[in-house]
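Containing compact mmCIF, C-alpha atoms and all ligand atoms: input30.txt.
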# COMPACT_ATOMS: atom_id res chain seq x y z
CA MET A 1 93.80 111.06 122.89
CA LYS A 2 96.43 113.75 123.27
CA GLN A 3 98.27 111.36 125.54
CA TRP A 4 98.37 108.74 122.83
CA ILE A 5 99.54 111.20 120.20
CA LYS A 6 102.25 112.21 122.63
CA ARG A 7 103.18 108.58 123.23
CA LYS A 8 103.18 107.90 119.52
CA GLY A 9 105.43 110.91 118.93
CA CYS A 10 107.89 109.45 121.42
CA LEU A 11 107.75 106.13 119.64
CA PHE A 12 108.52 107.72 116.30
CA LEU A 13 111.54 109.42 117.83
CA ALA A 14 112.60 106.14 119.39
CA ALA A 15 112.14 104.34 116.08
CA ILE A 16 114.28 106.90 114.26
CA LEU A 17 116.98 106.60 116.90
CA LEU A 18 116.91 102.83 116.67
CA LEU A 19 117.20 102.99 112.92
CA PHE A 20 120.29 105.15 113.23
CA LEU A 21 121.70 102.69 115.71
CA GLY A 22 120.79 99.79 113.44
CA GLY A 23 118.73 98.19 116.18
CA CYS A 24 115.21 98.13 114.70
CA GLY A 25 115.11 94.97 112.63
CA ALA A 26 111.32 94.97 112.14
CA ASP A 27 111.13 98.43 110.55
CA LYS A 28 111.47 97.79 106.87
CA ALA A 29 110.43 99.90 103.91
CA PRO A 30 107.54 98.43 101.89
CA SER A 31 108.03 96.93 98.46
CA ALA A 32 108.21 99.49 95.67
CA VAL A 33 104.91 100.95 94.54
CA LEU A 34 103.84 99.08 91.40
CA PRO A 35 103.15 100.83 88.09
CA ALA A 36 99.63 101.92 87.16
CA GLU A 37 97.42 99.32 85.48
CA GLU A 38 99.56 96.42 86.58
CA PRO A 39 97.32 93.59 87.89
CA LEU A 40 97.61 93.00 91.64
CA THR A 41 97.06 90.01 93.89
CA ILE A 42 96.23 90.54 97.55
CA TRP A 43 95.74 87.90 100.23
CA LEU A 44 93.38 88.88 103.00
CA ALA A 45 92.74 86.97 106.21
CA SER A 46 90.91 87.97 109.34
CA ASP A 47 90.48 86.97 112.96
CA LEU A 48 93.60 84.82 113.19
CA HIS A 49 93.21 84.75 116.97
CA TYR A 50 96.77 83.50 117.24
CA LEU A 51 97.51 82.05 120.67
CA SER A 52 101.12 81.47 121.65
CA PRO A 53 101.69 77.74 122.33
CA LYS A 54 103.43 78.94 125.51
CA LEU A 55 100.07 80.09 126.86
CA THR A 56 98.15 76.82 126.82
CA ASP A 57 98.84 73.23 127.79
CA ASN A 58 95.54 72.27 126.15
CA GLY A 59 94.35 71.07 129.53
CA ILE A 60 90.77 70.70 130.73
CA ARG A 61 90.22 74.42 131.37
CA PHE A 62 91.28 75.31 127.85
CA GLN A 63 89.38 72.44 126.22
CA ASN A 64 86.19 73.55 127.96
CA ARG A 65 86.79 77.08 126.75
CA MET A 66 87.16 75.75 123.21
CA LEU A 67 83.93 73.77 123.31
CA ALA A 68 82.03 76.77 124.65
CA SER A 69 83.34 79.00 121.86
CA ASP A 70 82.49 79.39 118.19
CA GLY A 71 84.50 76.49 116.84
CA LYS A 72 88.02 77.80 116.27
CA LEU A 73 90.92 75.35 116.50
CA THR A 74 92.91 77.66 118.74
CA GLU A 75 95.26 75.05 120.21
CA HIS A 76 96.67 74.72 116.66
CA SER A 77 96.35 78.40 115.74
CA ALA A 78 100.14 78.84 115.75
CA GLU A 79 100.68 76.00 113.28
CA ILE A 80 97.79 77.08 111.04
CA VAL A 81 98.96 80.70 110.95
CA GLU A 82 102.58 79.67 110.43
CA ARG A 83 101.60 77.50 107.46
CA PHE A 84 99.44 80.28 106.01
CA LEU A 85 102.29 82.77 106.28
CA GLN A 86 104.73 80.27 104.82
CA LEU A 87 102.42 79.93 101.78
CA ALA A 88 102.23 83.73 101.50
CA ALA A 89 106.04 84.02 101.60
CA GLU A 90 106.35 81.35 98.89
CA GLN A 91 103.60 82.56 96.58
CA LYS A 92 104.36 86.25 97.09
CA PRO A 93 101.10 88.13 96.58
CA ASP A 94 101.64 91.88 96.22
CA ALA A 95 100.18 92.37 99.68
CA LEU A 96 99.03 90.39 102.68
CA ILE A 97 96.28 92.13 104.65
CA LEU A 98 95.12 91.08 108.13
CA SER A 99 91.90 92.77 109.18
CA GLY A 100 92.14 92.55 112.95
CA ASP A 101 91.84 90.14 115.88
CA LEU A 102 95.41 89.10 115.29
CA THR A 103 95.63 87.55 118.76
CA TYR A 104 93.36 85.15 120.64
CA ASP A 105 92.48 87.40 123.57
CA GLY A 106 95.07 90.14 123.30
CA GLU A 107 98.13 88.41 124.81
CA LYS A 108 101.37 90.33 124.32
CA GLN A 109 103.30 87.05 123.96
CA SER A 110 101.02 86.03 121.07
CA LEU A 111 101.55 89.31 119.23
CA ARG A 112 105.33 89.14 119.75
CA GLU A 113 105.46 85.72 118.10
CA LEU A 114 103.09 86.71 115.30
CA ALA A 115 105.12 89.85 114.52
CA LYS A 116 108.22 87.68 114.04
CA LEU A 117 106.33 85.46 111.60
CA LEU A 118 104.96 88.50 109.72
CA LYS A 119 108.44 89.92 109.38
CA LYS A 120 109.51 86.80 107.48
CA VAL A 121 106.69 87.40 104.98
CA GLN A 122 107.70 91.05 104.65
CA ASP A 123 111.33 90.03 104.15
CA ALA A 124 110.15 87.80 101.28
CA GLY A 125 109.02 91.00 99.50
CA VAL A 126 105.32 91.02 100.39
CA SER A 127 103.74 94.23 101.73
CA VAL A 128 102.19 93.20 105.05
CA LEU A 129 99.36 95.46 106.24
CA VAL A 130 97.57 94.98 109.55
CA ILE A 131 94.99 96.73 111.72
CA PRO A 132 93.95 95.73 115.23
CA GLY A 133 90.61 94.12 116.07
CA ASN A 134 88.56 94.42 119.24
CA HIS A 135 90.52 91.55 120.86
CA ASP A 136 93.97 93.05 120.34
CA ILE A 137 94.48 96.30 122.25
CA ALA A 138 94.12 96.51 126.04
CA TYR A 139 91.87 93.44 126.06
CA PRO A 140 91.20 92.61 129.72
CA PHE A 141 90.95 88.81 129.36
CA ALA A 142 94.43 87.86 128.11
CA ARG A 143 95.11 84.57 129.90
CA LYS A 144 97.44 81.61 130.18
CA TYR A 145 95.77 78.20 130.51
CA SER A 146 97.19 75.41 132.63
CA GLY A 147 95.39 72.24 133.72
CA GLU A 148 92.18 73.18 135.47
CA SER A 149 93.01 76.84 135.86
CA SER A 150 93.99 79.98 134.02
CA GLU A 151 95.70 83.21 135.01
CA LEU A 152 95.89 86.71 133.57
CA VAL A 153 98.97 87.53 131.50
CA ASP A 154 100.31 90.75 129.96
CA ASN A 155 97.96 92.26 127.45
CA ILE A 156 98.81 94.80 124.73
CA PRO A 157 98.65 98.49 125.56
CA GLN A 158 98.21 100.68 122.49
CA GLU A 159 101.84 101.82 122.45
CA ASP A 160 103.01 98.19 122.43
CA PHE A 161 100.75 97.39 119.49
CA ILE A 162 102.39 100.22 117.54
CA LYS A 163 105.82 99.02 118.63
CA LEU A 164 105.19 95.42 117.53
CA CYS A 165 103.09 96.07 114.42
CA GLY A 166 104.05 99.58 113.27
CA ALA A 167 106.31 98.07 110.62
CA PHE A 168 103.33 96.34 109.00
CA GLY A 169 101.83 99.24 107.09
CA TYR A 170 101.40 102.01 109.62
CA ARG A 171 104.93 103.43 109.68
CA SER A 172 105.63 103.07 105.98
CA ALA A 173 102.25 104.35 104.75
CA LEU A 174 101.72 107.34 102.51
CA SER A 175 99.75 108.91 105.35
CA SER A 176 99.06 107.67 108.89
CA ASP A 177 96.32 108.90 111.20
CA GLU A 178 97.46 110.58 114.42
CA ALA A 179 94.43 109.40 116.39
CA SER A 180 94.39 105.68 115.54
CA PHE A 181 96.25 102.89 113.73
CA SER A 182 94.62 103.92 110.43
CA TYR A 183 96.69 104.57 107.32
CA LEU A 184 96.59 104.89 103.55
CA TYR A 185 98.97 102.50 101.84
CA PRO A 186 99.78 102.81 98.14
CA LEU A 187 100.16 99.43 96.43
CA ALA A 188 100.36 100.84 92.91
CA GLU A 189 100.54 104.29 91.36
CA ASP A 190 96.79 104.12 90.77
CA PHE A 191 95.65 101.87 93.64
CA SER A 192 95.71 102.31 97.44
CA VAL A 193 94.39 100.55 100.51
CA LEU A 194 92.69 102.56 103.26
CA MET A 195 93.15 100.67 106.52
CA LEU A 196 90.61 102.03 109.02
CA ASP A 197 91.14 101.26 112.70
CA ALA A 198 88.13 101.34 115.02
CA ASN A 199 89.78 99.62 117.95
CA SER A 200 92.01 102.13 119.68
CA GLU A 201 92.17 102.08 123.46
CA SER A 202 89.96 105.14 123.83
CA ALA A 203 87.18 104.29 121.39
CA SER A 204 86.70 100.60 120.61
CA GLY A 205 84.13 99.91 117.90
CA LEU A 206 84.08 103.42 116.53
CA ILE A 207 85.93 105.28 113.78
CA GLN A 208 86.59 108.44 115.74
CA ASP A 209 85.83 111.95 114.44
CA GLU A 210 89.53 112.80 114.00
CA THR A 211 90.03 109.59 112.03
CA MET A 212 86.95 110.27 109.90
CA GLN A 213 88.33 113.70 109.02
CA TRP A 214 91.74 112.26 108.22
CA ALA A 215 90.16 109.51 106.07
CA GLU A 216 88.06 112.03 104.14
CA LYS A 217 91.18 114.04 103.36
CA GLN A 218 92.93 110.91 102.05
CA LEU A 219 89.95 109.90 99.94
CA GLU A 220 89.65 113.40 98.52
CA LEU A 221 93.32 113.43 97.52
CA ALA A 222 93.08 109.94 96.06
CA GLN A 223 90.03 110.97 94.03
CA GLN A 224 91.85 114.03 92.69
CA GLN A 225 94.73 111.79 91.61
CA GLY A 226 92.40 109.28 89.93
CA GLN A 227 93.35 106.53 92.39
CA THR A 228 91.17 103.52 93.08
CA VAL A 229 90.87 102.84 96.81
CA ILE A 230 89.66 99.77 98.67
CA SER A 231 89.09 100.02 102.41
CA VAL A 232 89.59 97.56 105.24
CA THR A 233 87.95 97.58 108.68
CA HIS A 234 87.67 95.00 111.44
CA GLN A 235 84.01 95.52 112.30
CA ASN A 236 81.59 95.41 109.37
CA VAL A 237 80.45 98.57 107.58
CA LEU A 238 77.25 96.97 106.25
CA ALA A 239 74.95 94.80 108.39
CA LYS A 240 74.35 91.28 107.12
CA ASN A 241 70.72 91.51 108.15
CA GLU A 242 68.48 93.18 110.70
CA GLY A 243 68.96 90.45 113.31
CA ALA A 244 71.85 89.35 115.48
CA TYR A 245 74.47 90.19 112.89
CA SER A 246 73.85 93.90 113.21
CA ASP A 247 75.94 93.54 116.40
CA PHE A 248 79.00 93.16 114.21
CA ILE A 249 78.90 96.55 112.53
CA LEU A 250 80.90 99.64 113.47
CA ASP A 251 79.18 101.91 116.00
CA ASN A 252 79.13 104.64 113.35
CA ALA A 253 78.71 102.29 110.39
CA GLN A 254 76.27 104.54 108.58
CA GLN A 255 78.62 107.50 108.73
CA VAL A 256 81.49 105.34 107.45
CA GLU A 257 79.32 103.93 104.67
CA GLU A 258 78.34 107.45 103.58
CA LEU A 259 81.99 108.48 103.47
CA LEU A 260 83.02 105.46 101.39
CA GLN A 261 80.04 105.89 99.03
CA LYS A 262 80.79 109.60 98.63
CA TYR A 263 84.29 108.91 97.36
CA GLY A 264 83.41 105.93 95.19
CA VAL A 265 84.99 103.20 97.31
CA LYS A 266 83.33 100.09 95.96
CA THR A 267 84.84 97.40 98.16
CA ASN A 268 85.39 97.24 101.90
CA PHE A 269 86.90 94.11 103.45
CA SER A 270 86.16 93.30 107.09
CA GLY A 271 85.99 90.44 109.61
CA HIS A 272 84.74 90.28 113.22
CA SER A 273 81.61 88.13 112.72
CA HIS A 274 83.69 85.02 111.84
CA ILE A 275 81.24 84.33 108.99
CA PHE A 276 82.22 84.52 105.31
CA HIS A 277 79.66 86.61 103.49
CA ARG A 278 79.14 89.79 101.57
CA THR A 279 76.61 92.57 101.81
CA GLN A 280 75.91 95.25 99.24
CA SER A 281 74.46 98.74 99.56
CA LYS A 282 74.26 100.87 96.42
CA GLU A 283 77.78 100.89 94.98
CA LEU A 284 79.52 99.55 98.09
CA THR A 285 80.09 95.88 98.90
CA ASP A 286 81.34 94.79 102.33
CA VAL A 287 83.23 91.54 101.84
CA VAL A 288 83.51 89.79 105.19
CA ALA A 289 86.13 87.17 106.01
CA GLY A 290 85.57 84.57 108.71
CA SER A 291 88.24 83.39 111.11
CA LEU A 292 91.35 81.89 109.52
CA THR A 293 91.65 79.41 112.38
CA ALA A 294 88.09 78.06 112.18
CA SER A 295 87.04 75.43 109.64
CA PRO A 296 87.47 75.57 106.66
CA LEU A 297 90.60 77.67 107.45
CA GLN A 298 89.82 80.12 104.66
CA TYR A 299 91.21 83.41 103.43
CA TYR A 300 90.48 85.62 100.44
CA ILE A 301 92.64 85.85 97.35
CA VAL A 302 91.79 89.23 95.86
CA GLU A 303 92.58 90.00 92.24
CA VAL A 304 92.72 93.60 91.02
CA ASP A 305 92.82 93.87 87.24
CA GLU A 306 94.35 96.60 85.08
CA LYS A 307 91.04 98.52 85.14
CA ARG A 308 91.11 98.25 88.95
CA GLU A 309 88.06 96.01 89.08
CA VAL A 310 88.18 93.86 92.20
CA SER A 311 87.30 90.16 92.28
CA TYR A 312 88.02 87.51 94.88
CA HIS A 313 87.86 83.85 95.70
CA THR A 314 88.87 81.79 98.72
CA GLY A 315 91.98 79.81 99.49
CA GLN A 316 92.34 77.29 102.31
CA VAL A 317 95.23 76.41 104.57
CA ASP A 318 96.26 72.78 104.06
CA VAL A 319 96.97 71.65 107.63
CA PHE A 320 94.63 70.52 110.44
CA ARG A 321 91.61 70.62 108.14
CA GLU A 322 89.90 67.53 109.56
CA GLU A 323 90.56 68.58 113.15
CA ALA A 324 89.16 72.04 112.43
CA ALA A 325 86.00 70.60 110.83
CA GLN A 326 85.55 68.27 113.79
CA ARG A 327 85.93 71.14 116.29
CA PHE A 328 83.39 73.28 114.46
CA ALA A 329 80.90 70.40 114.30
CA ASP A 330 81.44 69.54 117.98
CA CYS A 331 80.73 73.12 119.06
CA THR A 332 77.53 73.42 117.02
CA ARG A 333 76.31 69.95 118.00
CA LEU A 334 76.87 70.71 121.67
CA ARG A 335 74.81 73.88 121.49
CA ALA A 336 72.02 72.18 119.56
CA LEU A 337 71.97 69.22 121.96
CA GLU A 338 71.80 71.50 125.00
CA MET A 339 68.48 72.67 123.68
CA LEU A 340 67.33 69.31 122.34
CA TYR A 341 67.74 67.63 125.75
CA GLU A 342 64.89 69.81 126.96
CA LEU A 343 62.55 68.38 124.31
CA ASP A 344 62.59 64.83 125.64
CA LEU A 345 63.19 63.13 122.30
CA ASP A 346 64.58 59.77 121.30
CA ALA A 347 68.40 59.92 121.50
CA GLN A 348 68.83 58.85 117.86
CA ILE A 349 66.53 61.63 116.67
CA GLN A 350 68.40 64.16 118.78
CA GLU A 351 71.69 63.06 117.22
CA LYS A 352 70.30 63.39 113.69
CA MET A 353 68.96 66.86 114.44
CA ALA A 354 72.28 67.92 115.97
CA ASP A 355 74.18 66.57 112.94
CA PHE A 356 71.94 68.56 110.62
CA ALA A 357 72.55 71.73 112.65
CA ALA A 358 76.31 71.18 112.49
CA GLN A 359 76.32 70.62 108.71
CA MET A 360 74.18 73.60 107.88
CA ASN A 361 75.95 75.95 110.28
CA GLN A 362 79.34 74.97 108.88
CA ALA A 363 78.24 75.62 105.30
CA TYR A 364 76.80 78.97 106.33
CA TYR A 365 79.91 80.11 108.20
CA ALA A 366 82.10 79.08 105.26
CA GLY A 367 80.07 81.34 102.97
CA GLU A 368 78.74 78.49 100.80
CA HIS A 369 75.60 79.11 98.79
CA LEU A 370 72.79 77.22 100.54
CA GLU A 371 70.39 75.69 98.06
CA ALA A 372 66.98 75.69 99.76
CA GLU A 373 65.69 72.69 97.81
CA ASP A 374 68.66 70.60 98.85
CA TRP A 375 68.62 71.47 102.56
CA MET A 376 64.82 71.21 102.85
CA SER A 377 64.85 67.73 101.33
CA ARG A 378 67.09 66.32 104.07
CA GLU A 379 65.86 64.14 106.92
CA GLY A 380 67.32 66.55 109.48
CA TRP A 381 65.20 69.40 108.14
CA THR A 382 62.04 67.30 108.41
CA LEU A 383 62.90 66.32 112.00
CA TRP A 384 63.42 69.95 112.99
CA GLN A 385 60.07 70.86 111.41
CA GLN A 386 58.40 68.03 113.27
CA TYR A 387 60.01 68.19 116.72
CA GLY A 388 61.64 71.60 116.93
CA LYS A 389 58.84 73.81 115.67
CA ASN A 390 59.17 76.60 118.22
CA THR A 391 62.91 76.54 118.68
CA LYS A 392 65.42 79.28 117.87
CA TRP A 393 67.39 76.72 115.84
CA LYS A 394 64.52 76.13 113.42
CA ASN A 395 64.20 79.90 112.96
CA TYR A 396 67.94 80.09 112.44
CA PHE A 397 67.84 77.48 109.63
CA GLU A 398 65.02 79.35 107.91
CA LYS A 399 66.84 82.63 108.23
CA MET A 400 69.98 81.14 106.68
CA LEU A 401 67.98 80.03 103.64
CA GLN A 402 66.13 83.35 103.34
CA GLU A 403 69.44 85.18 103.12
CA GLN A 404 70.52 83.32 99.99
FE FE A 501 87.36 87.77 116.17

Go ahead and render the structure in this file as structure tokens.
Amino acid sequence: MKQWIKRKGCLFLAAILLLFLGGCGADKAPSAVLPAEEPLTIWLASDLHYLSPKLTDNGIRFQNRMLASDGKLTEHSAEIVERFLQLAAEQKPDALILSGDLTYDGEKQSLRELAKLLKKVQDAGVSVLVIPGNHDIAYPFARKYSGESSELVDNIPQEDFIKLCGAFGYRSALSSDEASFSYLYPLAEDFSVLMLDANSESASGLIQDETMQWAEKQLELAQQQGQTVISVTHQNVLAKNEGAYSDFILDNAQQVEELLQKYGVKTNFSGHSHIFHRTQSKELTDVVAGSLTASPLQYYIVEVDEKREVSYHTGQVDVFREEAAQRFADCTRLRALEMLYELDLDAQIQEKMADFAAQMNQAYYAGEHLEAEDWMSREGWTLWQQYGKNTKWKNYFEKMLQEQ
């Protein structure tokens, strides 16, 4: 930890020197803090998993990787992200927040390109705020894909993440944590964003003790000043349910929840699970964004009114929508069929059951409300009840409906 603080200190000195020399184009002051009670609009996207087009030829190795994954359209991630950022630069929300997993698998080349695109949004007058996700810093699987093979490429050591992304919130914040990429960023005189990083090189998945102490100090000061604070994490603070999704919470989620509850933070935004949903505990709601580059290519548009009440709806990127939907369906169908082949069913029945799985899974991941009556009246549901009684998929469908 001390080493990192030391490294960071050196970087600050270097940044100051560069500024004097006029050589640090990416380090730009944020937009002016807005007056109290002025309504705010924030765009929030998560899990961009941007992959530089230079790192894939979309050959067989990469295509297989795509089909074995969770349905992102990664070969077009650059175009989807570019379009999203172009929309942000045109429509100029007060802030654009990215809650981690900026890169596909932590390739330095991907982050370099993304930082250039983010700078354009910042230059358009939008405050751009980022934190890393678990795929971004020192990720050991950063690869370049070519034909039937892949090879390791440079990943992103912590100091390089600060170098490439420090200008997006961290360096221009009201207060920045010494032990992580966490910071408190004032958007208005009475409204701030607490960006909490749990993905530093030394402690991935955890908000470290030093960071917890720093965050408490910020929340205490904000409370004294009558500020409203929203927080942002990559991993979830609240578990979606007791099952598999509890894997997506912070290692010290309960401690973080207690801290946020103590200081009256009502809304946390997070990502990581790639599923749009929200979970509430007492006064706190964890609003989770899925992956921007998976169908339906969604992001949140957050409105903060003059009383600092927070509401949100989704926006969608308007390129590659059909391709993204097809990719998501293909991935789910493939997984369902792998299991269905073992059941020795008629091929037509298998196809219908796989189609049903794809439709329901897509609606669930997109955060749509699933009407039990509607889904249970479909032929696919009946087939799963009849032929897939003891399968994990049937349990999964029931669980999805129970959660509504
Ligand atoms: Fe992710």

Grab the CA of Leu51 (chain A) to CA of Asp177 (chain A) distance for me, in Å with one decimal place. 28.5 Å

Kindly work out which residues sit at most 6 Å from ligand FE 501 (chain A), using only C-alpha atoms and all ligand atoms, and give the list as a CSV table (one decimal) with C-alpha atoms, keeping the file's coordinate frame.
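Result file follows (selection-v7.csv):
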chain,number,residue,atom,x,y,z
A,47,ASP,CA,90.5,87.0,113.0
A,101,ASP,CA,91.8,90.1,115.9
A,272,HIS,CA,84.7,90.3,113.2

Could you list, as a ChimeraX atom specification, every residue within 6 Å of Leu284 (chain A), counting all atoms listed in the file and ignoring same-chain residues fewer than 4 positions away? /A:266-267,280

Any chance you can output those residues with C-alpha atoms as a compact mmCIF listing (two decimals), keeping the file's coordinate frame?
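Result went into again_22.txt, see below:
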# COMPACT_ATOMS: atom_id res chain seq x y z
CA LYS A 266 83.33 100.09 95.96
CA THR A 267 84.84 97.40 98.16
CA GLN A 280 75.91 95.25 99.24

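Minimum atom-to-atom distance to Leu87 (chain A), evaluated using all atoms listed in the file, belongs to A:Ala124 out of A:Leu67, A:Ala124, A:Ile162, A:Leu48.
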
Name the residues in contact with Asp305 (chain A) at a cut-off of 12 Å, using only C-alpha atoms, excluding same-chain residues fewer than 2 positions from it; report them as JSON, numbers by chain. {"A": [36, 37, 38, 39, 40, 41, 42, 188, 190, 191, 228, 302, 303, 307, 308, 309, 310, 311, 312]}

I'd like to know which of A:Arg378, A:Lys217, A:Lys116, A:His313 is closest to Leu194 (chain A), using only C-alpha atoms. A:Lys217

With distances taken over only C-alpha atoms, which residue among A:Arg333, A:Arg278, A:Arg112, A:His135 lies nearest His49 (chain A)? A:His135

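Close contacts of Ser291 (chain A), defined as residues with an atom at most 10 Å away when counting only C-alpha atoms, with chain neighbours fewer than 4 positions off set aside, comprise Ala45, Ser46, Asp47, Leu48, His49, Asp70, Gly71, Lys72, Asp101, Gly271, His272, Ser273, His274, Ile275, Phe276, Ser295, Pro296, Leu297, Gln298, Tyr299, Tyr365 and Ala366 of chain A.
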
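Considering only C-alpha atoms, the residue among A:Asp136, A:Asp160, A:Glu257, A:Glu342 positioned nearest to Asn199 (chain A) is A:Asp136.
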
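Coordinates place CA of Val304 (chain A) at a distance of 17.5 Å from CA of Leu98 (chain A).
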
Nearest to Gln208 (chain A) by atom-to-atom distance, counting all atoms listed in the file, from A:Ser69, A:Gln350, A:Gln385, A:Ser182: A:Ser182

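Going from CA of Gly147 (chain A) to CA of Asp57 (chain A) covers 6.9 Å.
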
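The shortest atom-to-atom distance to Gly125 (chain A), with only C-alpha atoms taken into account, belongs to A:Pro93 out of A:Gly388, A:Pro93, A:Pro186, A:Gly166.
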
Give me the residues near Leu238 (chain A) as a short mmCIF file (atom, residue, chain, number, x, y, z; two decimals) with C-alpha atoms, in the frame of the given file, where near means some atom within 12 Å (using all atoms listed in the file) and where sequence neighbours in that chain fewer than 6 positions away do not count.
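New file out.cif:
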data_model
loop_
_atom_site.label_atom_id
_atom_site.label_comp_id
_atom_site.auth_asym_id
_atom_site.auth_seq_id
_atom_site.Cartn_x
_atom_site.Cartn_y
_atom_site.Cartn_z
CA TYR A 245 74.47 90.19 112.89
CA SER A 246 73.85 93.90 113.21
CA ASP A 247 75.94 93.54 116.40
CA PHE A 248 79.00 93.16 114.21
CA ILE A 249 78.90 96.55 112.53
CA LEU A 250 80.90 99.64 113.47
CA ASP A 251 79.18 101.91 116.00
CA ASN A 252 79.13 104.64 113.35
CA ALA A 253 78.71 102.29 110.39
CA GLN A 254 76.27 104.54 108.58
CA GLN A 255 78.62 107.50 108.73
CA VAL A 256 81.49 105.34 107.45
CA GLU A 257 79.32 103.93 104.67
CA GLU A 258 78.34 107.45 103.58
CA LEU A 260 83.02 105.46 101.39
CA GLN A 261 80.04 105.89 99.03
CA THR A 267 84.84 97.40 98.16
CA ASN A 268 85.39 97.24 101.90
CA PHE A 269 86.90 94.11 103.45
CA SER A 270 86.16 93.30 107.09
CA GLY A 271 85.99 90.44 109.61
CA SER A 273 81.61 88.13 112.72
CA HIS A 277 79.66 86.61 103.49
CA ARG A 278 79.14 89.79 101.57
CA THR A 279 76.61 92.57 101.81
CA GLN A 280 75.91 95.25 99.24
CA SER A 281 74.46 98.74 99.56
CA LYS A 282 74.26 100.87 96.42
CA GLU A 283 77.78 100.89 94.98
CA LEU A 284 79.52 99.55 98.09
CA THR A 285 80.09 95.88 98.90
CA ASP A 286 81.34 94.79 102.33
CA VAL A 287 83.23 91.54 101.84
CA VAL A 288 83.51 89.79 105.19
#

When you look at Ser204 (chain A) with a cut-off of 9 Å (counting all atoms listed in the file), what residues show up, excluding the ones that are within fewer than 3 positions of it in the same chain? I need them as number ranges by chain. A: 133-134, 198-201, 207, 251

Store the residues of this selection in a file with C-alpha atoms, as a PDB file, in the frame of the given file.
ATOM      1  CA  GLY A 133      90.610  94.120 116.070  1.00  0.00           C
ATOM      2  CA  ASN A 134      88.560  94.420 119.240  1.00  0.00           C
ATOM      3  CA  ALA A 198      88.130 101.340 115.020  1.00  0.00           C
ATOM      4  CA  ASN A 199      89.780  99.620 117.950  1.00  0.00           C
ATOM      5  CA  SER A 200      92.010 102.130 119.680  1.00  0.00           C
ATOM      6  CA  GLU A 201      92.170 102.080 123.460  1.00  0.00           C
ATOM      7  CA  ILE A 207      85.930 105.280 113.780  1.00  0.00           C
ATOM      8  CA  ASP A 251      79.180 101.910 116.000  1.00  0.00           C
TER       9      ASP A 251
END
